[in-house]
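This is structure24.tsv. It holds TSV, C-alpha atoms.
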```tsv
chain	number	residue	atom	x	y	z
A	145	MET	CA	20.30	-43.22	-20.01
A	146	PHE	CA	21.10	-41.22	-23.10
A	147	VAL	CA	22.26	-37.64	-23.63
A	148	LYS	CA	22.67	-35.73	-26.87
A	149	VAL	CA	23.91	-32.22	-27.64
A	150	GLN	CA	22.95	-31.04	-31.09
A	151	PRO	CA	22.16	-27.92	-33.15
A	152	GLU	CA	19.15	-29.53	-34.84
A	153	ASP	CA	15.58	-29.20	-33.64
A	154	PHE	CA	13.82	-32.18	-32.09
A	155	ASP	CA	10.24	-33.27	-31.66
A	156	PRO	CA	9.70	-34.27	-28.03
A	157	MET	CA	7.08	-36.92	-28.75
A	158	THR	CA	9.07	-38.47	-31.59
A	159	ALA	CA	12.27	-38.44	-29.52
A	160	CYS	CA	10.51	-40.29	-26.71
A	161	SER	CA	8.75	-42.81	-28.94
A	162	GLN	CA	11.99	-43.58	-30.77
A	163	PHE	CA	14.00	-43.96	-27.56
A	164	ALA	CA	15.34	-47.46	-28.02
A	165	SER	CA	15.79	-48.66	-24.48
A	166	ASP	CA	14.78	-52.10	-23.29
A	167	LYS	CA	14.62	-50.66	-19.80
A	168	VAL	CA	11.48	-48.64	-20.51
A	169	CYS	CA	9.36	-51.67	-21.39
A	170	GLY	CA	8.09	-51.92	-17.84
A	171	ALA	CA	7.37	-48.23	-17.53
A	172	GLY	CA	4.04	-47.03	-16.22
A	173	GLY	CA	4.63	-43.59	-17.64
A	174	VAL	CA	7.04	-41.02	-19.02
A	175	VAL	CA	7.38	-37.46	-17.71
A	176	THR	CA	8.87	-34.90	-20.09
A	177	PHE	CA	10.01	-31.32	-19.76
A	178	THR	CA	10.66	-29.24	-22.88
A	179	GLY	CA	12.39	-25.89	-22.47
A	180	THR	CA	11.74	-23.27	-25.17
A	181	VAL	CA	13.09	-19.82	-26.05
A	182	ARG	CA	11.10	-16.96	-24.48
A	183	ASP	CA	10.34	-13.95	-26.66
A	184	TYR	CA	11.17	-11.50	-23.88
A	185	SER	CA	13.77	-10.93	-21.18
A	186	GLU	CA	13.87	-8.58	-18.22
A	187	SER	CA	14.40	-5.48	-20.29
A	188	SER	CA	13.83	-6.22	-23.94
A	189	ASP	CA	12.23	-8.29	-26.65
A	190	ILE	CA	14.33	-11.20	-27.85
A	191	LEU	CA	14.93	-11.61	-31.57
A	192	ALA	CA	17.11	-14.72	-31.21
A	193	MET	CA	19.14	-16.71	-28.71
A	194	GLU	CA	22.65	-18.02	-29.27
A	195	ILE	CA	23.69	-20.96	-27.12
A	196	GLU	CA	27.37	-21.82	-26.70
A	197	HIS	CA	28.65	-24.93	-24.95
A	198	TYR	CA	31.86	-26.72	-23.98
A	199	PRO	CA	32.07	-29.84	-26.19
A	200	GLY	CA	33.18	-32.83	-24.19
A	201	MET	CA	32.45	-31.37	-20.77
A	202	THR	CA	28.81	-30.80	-21.68
A	203	GLU	CA	28.18	-34.44	-22.52
A	204	ARG	CA	30.13	-35.54	-19.46
A	205	GLU	CA	28.08	-33.33	-17.12
A	206	LEU	CA	24.79	-34.45	-18.64
A	207	GLN	CA	25.87	-38.07	-18.19
A	208	ARG	CA	26.90	-37.32	-14.61
A	209	VAL	CA	23.56	-35.80	-13.62
A	210	SER	CA	21.71	-38.62	-15.43
A	211	ALA	CA	23.69	-41.15	-13.39
A	212	LEU	CA	22.82	-39.27	-10.19
A	213	ALA	CA	19.13	-39.41	-11.09
A	214	ALA	CA	19.38	-43.13	-11.84
A	215	THR	CA	20.93	-43.67	-8.42
A	216	ASP	CA	18.72	-41.39	-6.36
A	217	TYR	CA	15.29	-42.01	-7.91
A	218	ASP	CA	13.34	-45.17	-8.66
A	219	ILE	CA	13.32	-44.67	-12.42
A	220	LEU	CA	13.86	-46.97	-15.39
A	221	ASP	CA	15.67	-44.68	-17.80
A	222	SER	CA	16.18	-41.07	-18.89
A	223	LEU	CA	16.82	-39.04	-22.02
A	224	ILE	CA	18.27	-35.53	-22.33
A	225	ILE	CA	18.56	-33.61	-25.60
A	226	HIS	CA	20.00	-30.06	-25.46
A	227	ARG	CA	20.47	-27.79	-28.46
A	228	TYR	CA	23.16	-25.22	-29.17
A	229	GLY	CA	23.62	-22.57	-31.85
A	230	ARG	CA	21.22	-19.84	-32.95
A	231	LEU	CA	17.61	-20.35	-31.88
A	232	LEU	CA	14.47	-18.27	-32.37
A	233	PRO	CA	11.66	-17.51	-29.90
A	234	GLN	CA	9.47	-20.56	-29.25
A	235	ASP	CA	12.19	-22.91	-30.54
A	236	ASN	CA	12.91	-25.98	-28.45
A	237	ILE	CA	16.05	-25.74	-26.29
A	238	VAL	CA	16.07	-28.82	-24.12
A	239	LEU	CA	14.16	-32.06	-23.61
A	240	VAL	CA	14.29	-34.07	-20.40
A	241	ALA	CA	12.32	-37.33	-20.38
A	242	VAL	CA	12.15	-39.84	-17.54
A	243	TRP	CA	10.52	-43.26	-17.56
A	244	SER	CA	9.44	-45.01	-14.36
A	245	ARG	CA	7.04	-47.64	-13.10
A	246	HIS	CA	5.16	-45.07	-11.00
A	247	ARG	CA	4.64	-41.39	-11.72
A	248	ALA	CA	6.05	-39.80	-8.56
A	249	ALA	CA	9.61	-40.90	-9.22
A	250	ALA	CA	9.46	-39.75	-12.84
A	251	PHE	CA	8.14	-36.28	-11.89
A	252	ASP	CA	10.75	-35.92	-9.15
A	253	ALA	CA	13.66	-37.13	-11.30
A	254	CYS	CA	12.63	-34.93	-14.24
A	255	ARG	CA	12.58	-31.88	-11.95
A	256	PHE	CA	15.95	-32.89	-10.50
A	257	LEU	CA	17.52	-33.30	-13.95
A	258	ILE	CA	16.41	-29.96	-15.39
A	259	ASP	CA	17.23	-28.08	-12.17
A	260	THR	CA	20.66	-29.69	-11.86
A	261	LEU	CA	21.73	-29.35	-15.47
A	262	LYS	CA	20.88	-25.66	-15.25
A	263	THR	CA	23.57	-25.20	-12.60
A	264	SER	CA	26.17	-27.65	-13.89
A	265	ALA	CA	26.06	-28.26	-17.65
A	266	PRO	CA	28.36	-25.79	-19.45
A	267	PHE	CA	25.92	-23.94	-21.69
A	268	TRP	CA	25.76	-20.16	-22.05
A	269	LYS	CA	22.95	-18.11	-23.57
A	270	LYS	CA	23.37	-14.85	-25.43
A	271	GLU	CA	20.24	-12.83	-26.14
A	272	ILE	CA	19.95	-10.98	-29.42
A	273	THR	CA	17.65	-7.98	-28.90
A	274	PRO	CA	16.78	-4.82	-30.88
A	275	GLN	CA	19.19	-2.98	-28.56
A	276	GLY	CA	22.07	-5.36	-29.20
A	277	GLU	CA	23.52	-8.56	-27.79
A	278	ARG	CA	23.92	-9.50	-24.14
A	279	TRP	CA	25.04	-12.60	-22.31
A	280	VAL	CA	22.52	-13.97	-19.87
A	281	THR	CA	24.29	-13.45	-16.56
A	282	ASP	CA	21.94	-15.07	-14.13
A	283	CYS	CA	23.63	-17.38	-11.65
A	284	PRO	CA	21.20	-20.20	-10.85
A	285	GLY	CA	23.68	-21.68	-8.40
A	286	CYS	CA	23.70	-18.57	-6.27
A	287	ARG	CA	19.97	-18.10	-6.60
A	288	ALA	CA	19.41	-21.59	-5.27
A	289	GLY	CA	21.81	-20.93	-2.43
A	290	SER	CA	23.96	-23.77	-3.69
A	291	ARG	CA	27.71	-23.90	-3.34
A	292	GLU	CA	27.88	-27.15	-5.24
A	293	ASN	CA	29.12	-27.17	-8.81
A	294	HIS	CA	30.06	-23.54	-8.90
A	295	HIS	CA	32.88	-21.60	-7.38
A	296	HIS	CA	33.48	-17.93	-7.05
A	297	ALA	CA	36.74	-16.38	-8.09
A	298	LEU	CA	39.48	-15.28	-5.78
A	299	HIS	CA	37.73	-12.01	-5.11
A	300	SER	CA	34.41	-13.25	-3.89
A	301	ALA	CA	32.51	-9.99	-4.18
A	302	HIS	CA	30.02	-10.05	-6.96
A	303	THR	CA	26.62	-8.55	-7.52
A	304	HIS	CA	23.40	-9.83	-8.93
A	305	ARG	CA	20.82	-7.90	-10.82
B	128	MET	CA	63.01	-24.41	-17.68
B	129	VAL	CA	59.50	-25.63	-18.54
B	130	PHE	CA	58.16	-28.42	-16.30
B	131	SER	CA	54.54	-28.44	-17.40
B	132	MET	CA	52.29	-27.30	-20.20
B	133	ILE	CA	48.74	-26.29	-19.32
B	134	HIS	CA	46.05	-25.99	-21.96
B	135	VAL	CA	43.51	-23.30	-21.10
B	136	LYS	CA	40.15	-22.73	-22.73
B	137	PHE	CA	37.72	-19.84	-22.35
B	138	PHE	CA	34.01	-19.68	-23.00
B	139	ALA	CA	31.22	-17.14	-23.46
B	140	SER	CA	31.83	-13.69	-21.91
B	141	VAL	CA	35.19	-14.79	-20.49
B	142	ARG	CA	36.36	-15.77	-24.00
B	143	GLU	CA	35.33	-12.37	-25.28
B	144	ARG	CA	37.16	-10.61	-22.42
B	145	VAL	CA	40.47	-12.39	-22.97
B	146	GLY	CA	40.09	-12.21	-26.76
B	147	THR	CA	40.99	-15.83	-27.50
B	148	GLU	CA	39.46	-19.30	-27.26
B	149	GLU	CA	42.56	-21.09	-26.05
B	150	LEU	CA	46.04	-20.58	-24.61
B	151	HIS	CA	48.89	-23.02	-24.06
B	152	LEU	CA	50.80	-21.92	-20.99
B	153	PRO	CA	54.23	-23.26	-20.06
B	154	SER	CA	55.03	-23.29	-16.37
B	155	SER	CA	58.24	-23.75	-14.45
B	156	LYS	CA	56.27	-25.64	-11.78
B	157	SER	CA	55.37	-29.33	-12.05
B	158	SER	CA	52.08	-28.66	-10.27
B	159	LEU	CA	50.10	-25.52	-9.69
B	160	THR	CA	46.61	-24.53	-8.61
B	161	VAL	CA	43.72	-23.29	-10.73
B	162	ALA	CA	44.23	-19.89	-9.09
B	163	GLU	CA	47.86	-19.87	-10.21
B	164	VAL	CA	46.80	-20.78	-13.74
B	165	LEU	CA	44.38	-17.85	-13.64
B	166	THR	CA	47.22	-15.56	-12.62
B	167	LEU	CA	49.29	-16.78	-15.58
B	168	VAL	CA	46.34	-16.12	-17.88
B	169	GLU	CA	45.89	-12.61	-16.50
B	170	GLU	CA	49.60	-11.87	-16.99
B	171	GLN	CA	49.68	-13.21	-20.54
B	172	THR	CA	46.46	-11.57	-21.71
B	173	GLN	CA	46.76	-8.39	-19.65
B	174	THR	CA	43.15	-9.02	-18.61
B	175	LYS	CA	41.90	-8.91	-15.03
B	176	LEU	CA	39.46	-11.79	-14.48
B	177	GLY	CA	39.59	-12.16	-10.71
B	178	ASP	CA	36.86	-9.58	-10.21
B	179	THR	CA	34.37	-11.48	-12.34
B	180	HIS	CA	32.02	-14.24	-11.31
B	181	LEU	CA	34.16	-17.04	-12.64
B	182	LEU	CA	33.92	-20.82	-12.72
B	183	ALA	CA	36.65	-23.29	-13.63
B	184	SER	CA	37.06	-26.87	-14.75
B	185	ILE	CA	39.94	-29.33	-15.03
B	186	ASN	CA	39.74	-31.99	-17.73
B	187	HIS	CA	35.99	-31.45	-18.22
B	188	GLN	CA	35.14	-31.60	-14.50
B	189	HIS	CA	34.08	-28.66	-12.35
B	190	ALA	CA	37.00	-27.53	-10.19
B	191	GLY	CA	37.74	-25.21	-7.32
B	192	PHE	CA	40.42	-22.55	-7.41
B	193	THR	CA	42.64	-24.42	-4.96
B	194	ASP	CA	42.49	-27.67	-6.95
B	195	PRO	CA	45.82	-28.91	-8.37
B	196	VAL	CA	46.65	-28.71	-12.08
B	197	THR	CA	49.37	-30.88	-13.59
B	198	ASP	CA	51.20	-31.25	-16.88
B	199	GLU	CA	48.97	-31.46	-19.99
B	200	ASP	CA	45.76	-30.76	-18.04
B	201	GLU	CA	43.02	-28.85	-19.80
B	202	VAL	CA	41.74	-26.01	-17.63
B	203	ALA	CA	38.75	-23.89	-18.62
B	204	PHE	CA	37.42	-20.61	-17.27
B	205	PHE	CA	33.87	-19.53	-17.89
B	206	PRO	CA	30.97	-17.56	-16.38
B	207	PRO	CA	28.09	-19.20	-14.48
B	208	VAL	CA	26.26	-21.57	-16.79
B	209	THR	CA	22.86	-20.53	-18.14
B	210	GLY	CA	21.58	-23.53	-20.09
B	211	GLY	CA	18.32	-25.41	-19.84
```
Output the file's structure as structure tokens, nothing else.
Amino acid sequence: MFVKVQPEDFDPMTACSQFASDKVCGAGGVVTFTGTVRDYSESSDILAMEIEHYPGMTERELQRVSALAATDYDILDSLIIHRYGRLLPQDNIVLVAVWSRHRAAAFDACRFLIDTLKTSAPFWKKEITPQGERWVTDCPGCRAGSRENHHHALHSAHTHR
Amino acid sequence: MVFSMIHVKFFASVRERVGTEELHLPSSKSSLTVAEVLTLVEEQTQTKLGDTHLLASINHQHAGFTDPVTDEDEVAFFPPVTGG
């Protein structure tokens, strides 16, 4: 398994074809998910997106969820690339690729990886709109009803839009 | 007397609220909780963070507010993550 956090763009197909892993030789397929920047949010057009992350912890969390996927699903290998910095609408944000002998495990593990990194990997998005800047404040952990990997502060009351 | 030094980092909206990326907090205790570190941060920065939706980590691992923090640990406070 391999994870990379980078400001540079990536080409999903090239990244997969260049993935130098002996483990994928026996693969019957590769499932990929590529996340891109939307050009709209709930209330405004988006001119750009700034993504901040926590160097060190980010890589550790991506490795952790990759190891979970390797344990829990019958897959051969996985690749995660996540960008940070200033991105424009339609730009690539994240690539998750999973190789397996049979397709079901690759689909399931790919879904698990993108869903889990969204609630655990320390990235934060700030939307740049014509009306100004705003941090994306969605809490995927709460939305999913999950108490894992996120904790509320001492005063538990909080509201969601 | 200082028994421990805690390194605290802030990210995203929490960093903007406290006005700094990092603090180095001396403590007279040899061990304290994440919640106690948060209280020290609030005292030093004169910023109330307990009413925000806040997450924490210790040494790059997600942590709860009752988890223990010891000398030279790196604690971070940040809002819910929004990557992917």
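In this comparison, which uses all atoms listed in the file, the residue of A:Phe267, A:Tyr184, A:Trp243, A:Phe163 approaching Met201 (chain A) most closely is A:Phe267.
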Next on the checklist: List the spatial neighbours of region 137-147 of chain B as a ChimeraX atom specification - criterion: any atom at most 8 Å away, only C-alpha atoms, same-chain residues fewer than 6 positions off excluded.
Outcome noted: /A:196-198,268,279 /B:172,174,176,203-206
Write the residues of the selection above to a file with C-alpha atoms, as a tab-separated table (two decimals), in the frame of the given file.
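Saved file selection-v1.tsv follows:
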```tsv
chain	number	residue	atom	x	y	z
A	196	GLU	CA	27.37	-21.82	-26.70
A	197	HIS	CA	28.65	-24.93	-24.95
A	198	TYR	CA	31.86	-26.72	-23.98
A	268	TRP	CA	25.76	-20.16	-22.05
A	279	TRP	CA	25.04	-12.60	-22.31
B	172	THR	CA	46.46	-11.57	-21.71
B	174	THR	CA	43.15	-9.02	-18.61
B	176	LEU	CA	39.46	-11.79	-14.48
B	203	ALA	CA	38.75	-23.89	-18.62
B	204	PHE	CA	37.42	-20.61	-17.27
B	205	PHE	CA	33.87	-19.53	-17.89
B	206	PRO	CA	30.97	-17.56	-16.38
```
Next on the checklist: Between CA of Ala213 (chain A) and CA of Leu261 (chain A), what is the distance in Å, rounded to a tenth?
Outcome noted: 11.3 Å
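One distance worth recording is that between CA of Thr202 (chain A) and CA of Cys169 (chain A), which is 28.5 Å.
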I'd like the box whose edges run along x, y and z of the file and which contains every listed atom of region 246-256 of chain A, padded by 3 Å per side; could you state its centre and edge lengths in Å, one decimal, as lines of an AutoDock Vina configuration file?
```
center_x = 10.3
center_y = -38.5
center_z = -11.4
size_x = 17.3
size_y = 19.2
size_z = 11.7
```
Checklist entry - Residues of chain B within 9 Å of chain A, using only C-alpha atoms, as a PyMOL selection string? => result chain B and resi 138-140+162+176-184+186-192+205-211
Checklist entry - Near Val242 (chain A), within 9 Å and counting all atoms listed in the file, which residues show up once chain neighbours fewer than 5 positions away are dropped, as JSON, numbers by chain? => result {"A": [173, 174, 175, 176, 219, 220, 221, 222, 223, 224, 249, 250, 251, 253, 254]}
Checklist entry - So how far away is CA of Asp216 (chain A) from CA of Arg247 (chain A), in Å? => result 15.1 Å
